[in-house]
Amino acid sequence: MNQPNQPTSPPPDGSSLPALLNPALLKSARQIYRTYYEVHPEDIQRPIGIAISTKTHRGKLIFGDKPVLLPTECFIPLSQIEPGLH
């Protein structure tokens, strides 16, 4: 017996979704990334992305494997940040 198609719900960790929809968050993440490398040009370790507050737009670079986010934070992967820097 076939079941009717049900709409799929977004993944529970939709943490990157707000960044995709909010250009201001992406702009803030790029500024955080740029500032870090202006202050630390000798640092060769690349982050995996930035955890950024959706309310204050303050963030921090994440160098680990998988970020642990606060409820008001989202994760913006480096792949979304770098294209806009060039």
# chains A, B, ... in the order shown; residues from 1 in each chain; ligands from 1

$ residues_around --residues "Arg34 (chain A)" --least-positions-apart "2" --cutoff "12 Å" --atoms "only C-alpha atoms" --output "list in words"
Lys27, Ser28, Ala29, Arg30, Gln31, Ile32, Tyr36, Tyr37, Glu38, Val39, His40, Pro41, Ile50, Lys60, Leu61, Leu78, Ile81, Glu82, Gly84, Leu85 and His86 of chain A

$ residues_around --residues "Lys66 (chain A)" --least-positions-apart "4" --cutoff "12 Å" --atoms "only C-alpha atoms" --output "compact mmCIF listing (two decimals) with C-alpha atoms, in the first residue's frame"
# COMPACT_ATOMS: atom_id res chain seq x y z
CA ASP A 13 20.12 21.25 12.46
CA PRO A 47 38.83 27.53 10.14
CA ILE A 48 35.90 25.37 9.08
CA GLY A 49 33.61 28.39 9.42
CA ILE A 50 32.17 30.94 11.81
CA ALA A 51 29.61 30.60 14.60
CA LEU A 61 36.06 31.33 14.01
CA ILE A 62 35.61 27.60 14.47
CA PHE A 75 27.13 28.29 11.61
CA ILE A 76 28.41 29.73 8.36
CA PRO A 77 30.85 27.37 6.61

$ atom_distance --atom1 "CA of Thr54 (chain A)" --atom2 "CA of Pro83 (chain A)"
21.0 Å

$ closest_residue --among "A:Tyr33, A:Leu26, A:Asp43, A:Gln80" --to "His57 (chain A)" --atoms "only C-alpha atoms"
A:Leu26

$ atom_distance --atom1 "CA of Phe63 (chain A)" --atom2 "CA of Ala24 (chain A)"
22.7 Å

$ atom_distance --atom1 "CA of Cys74 (chain A)" --atom2 "CA of Arg46 (chain A)"
18.9 Å

$ closest_residue --among "A:Ser79, A:Asp65, A:Thr72, A:Thr35" --to "Ser53 (chain A)" --atoms "only C-alpha atoms"
A:Thr72

$ select_by_dssp --residues "region 20-74 of chain A" --states "alpha helix (DSSP H)" --output "PyMOL selection string"
chain A and resi 20-21+23-39
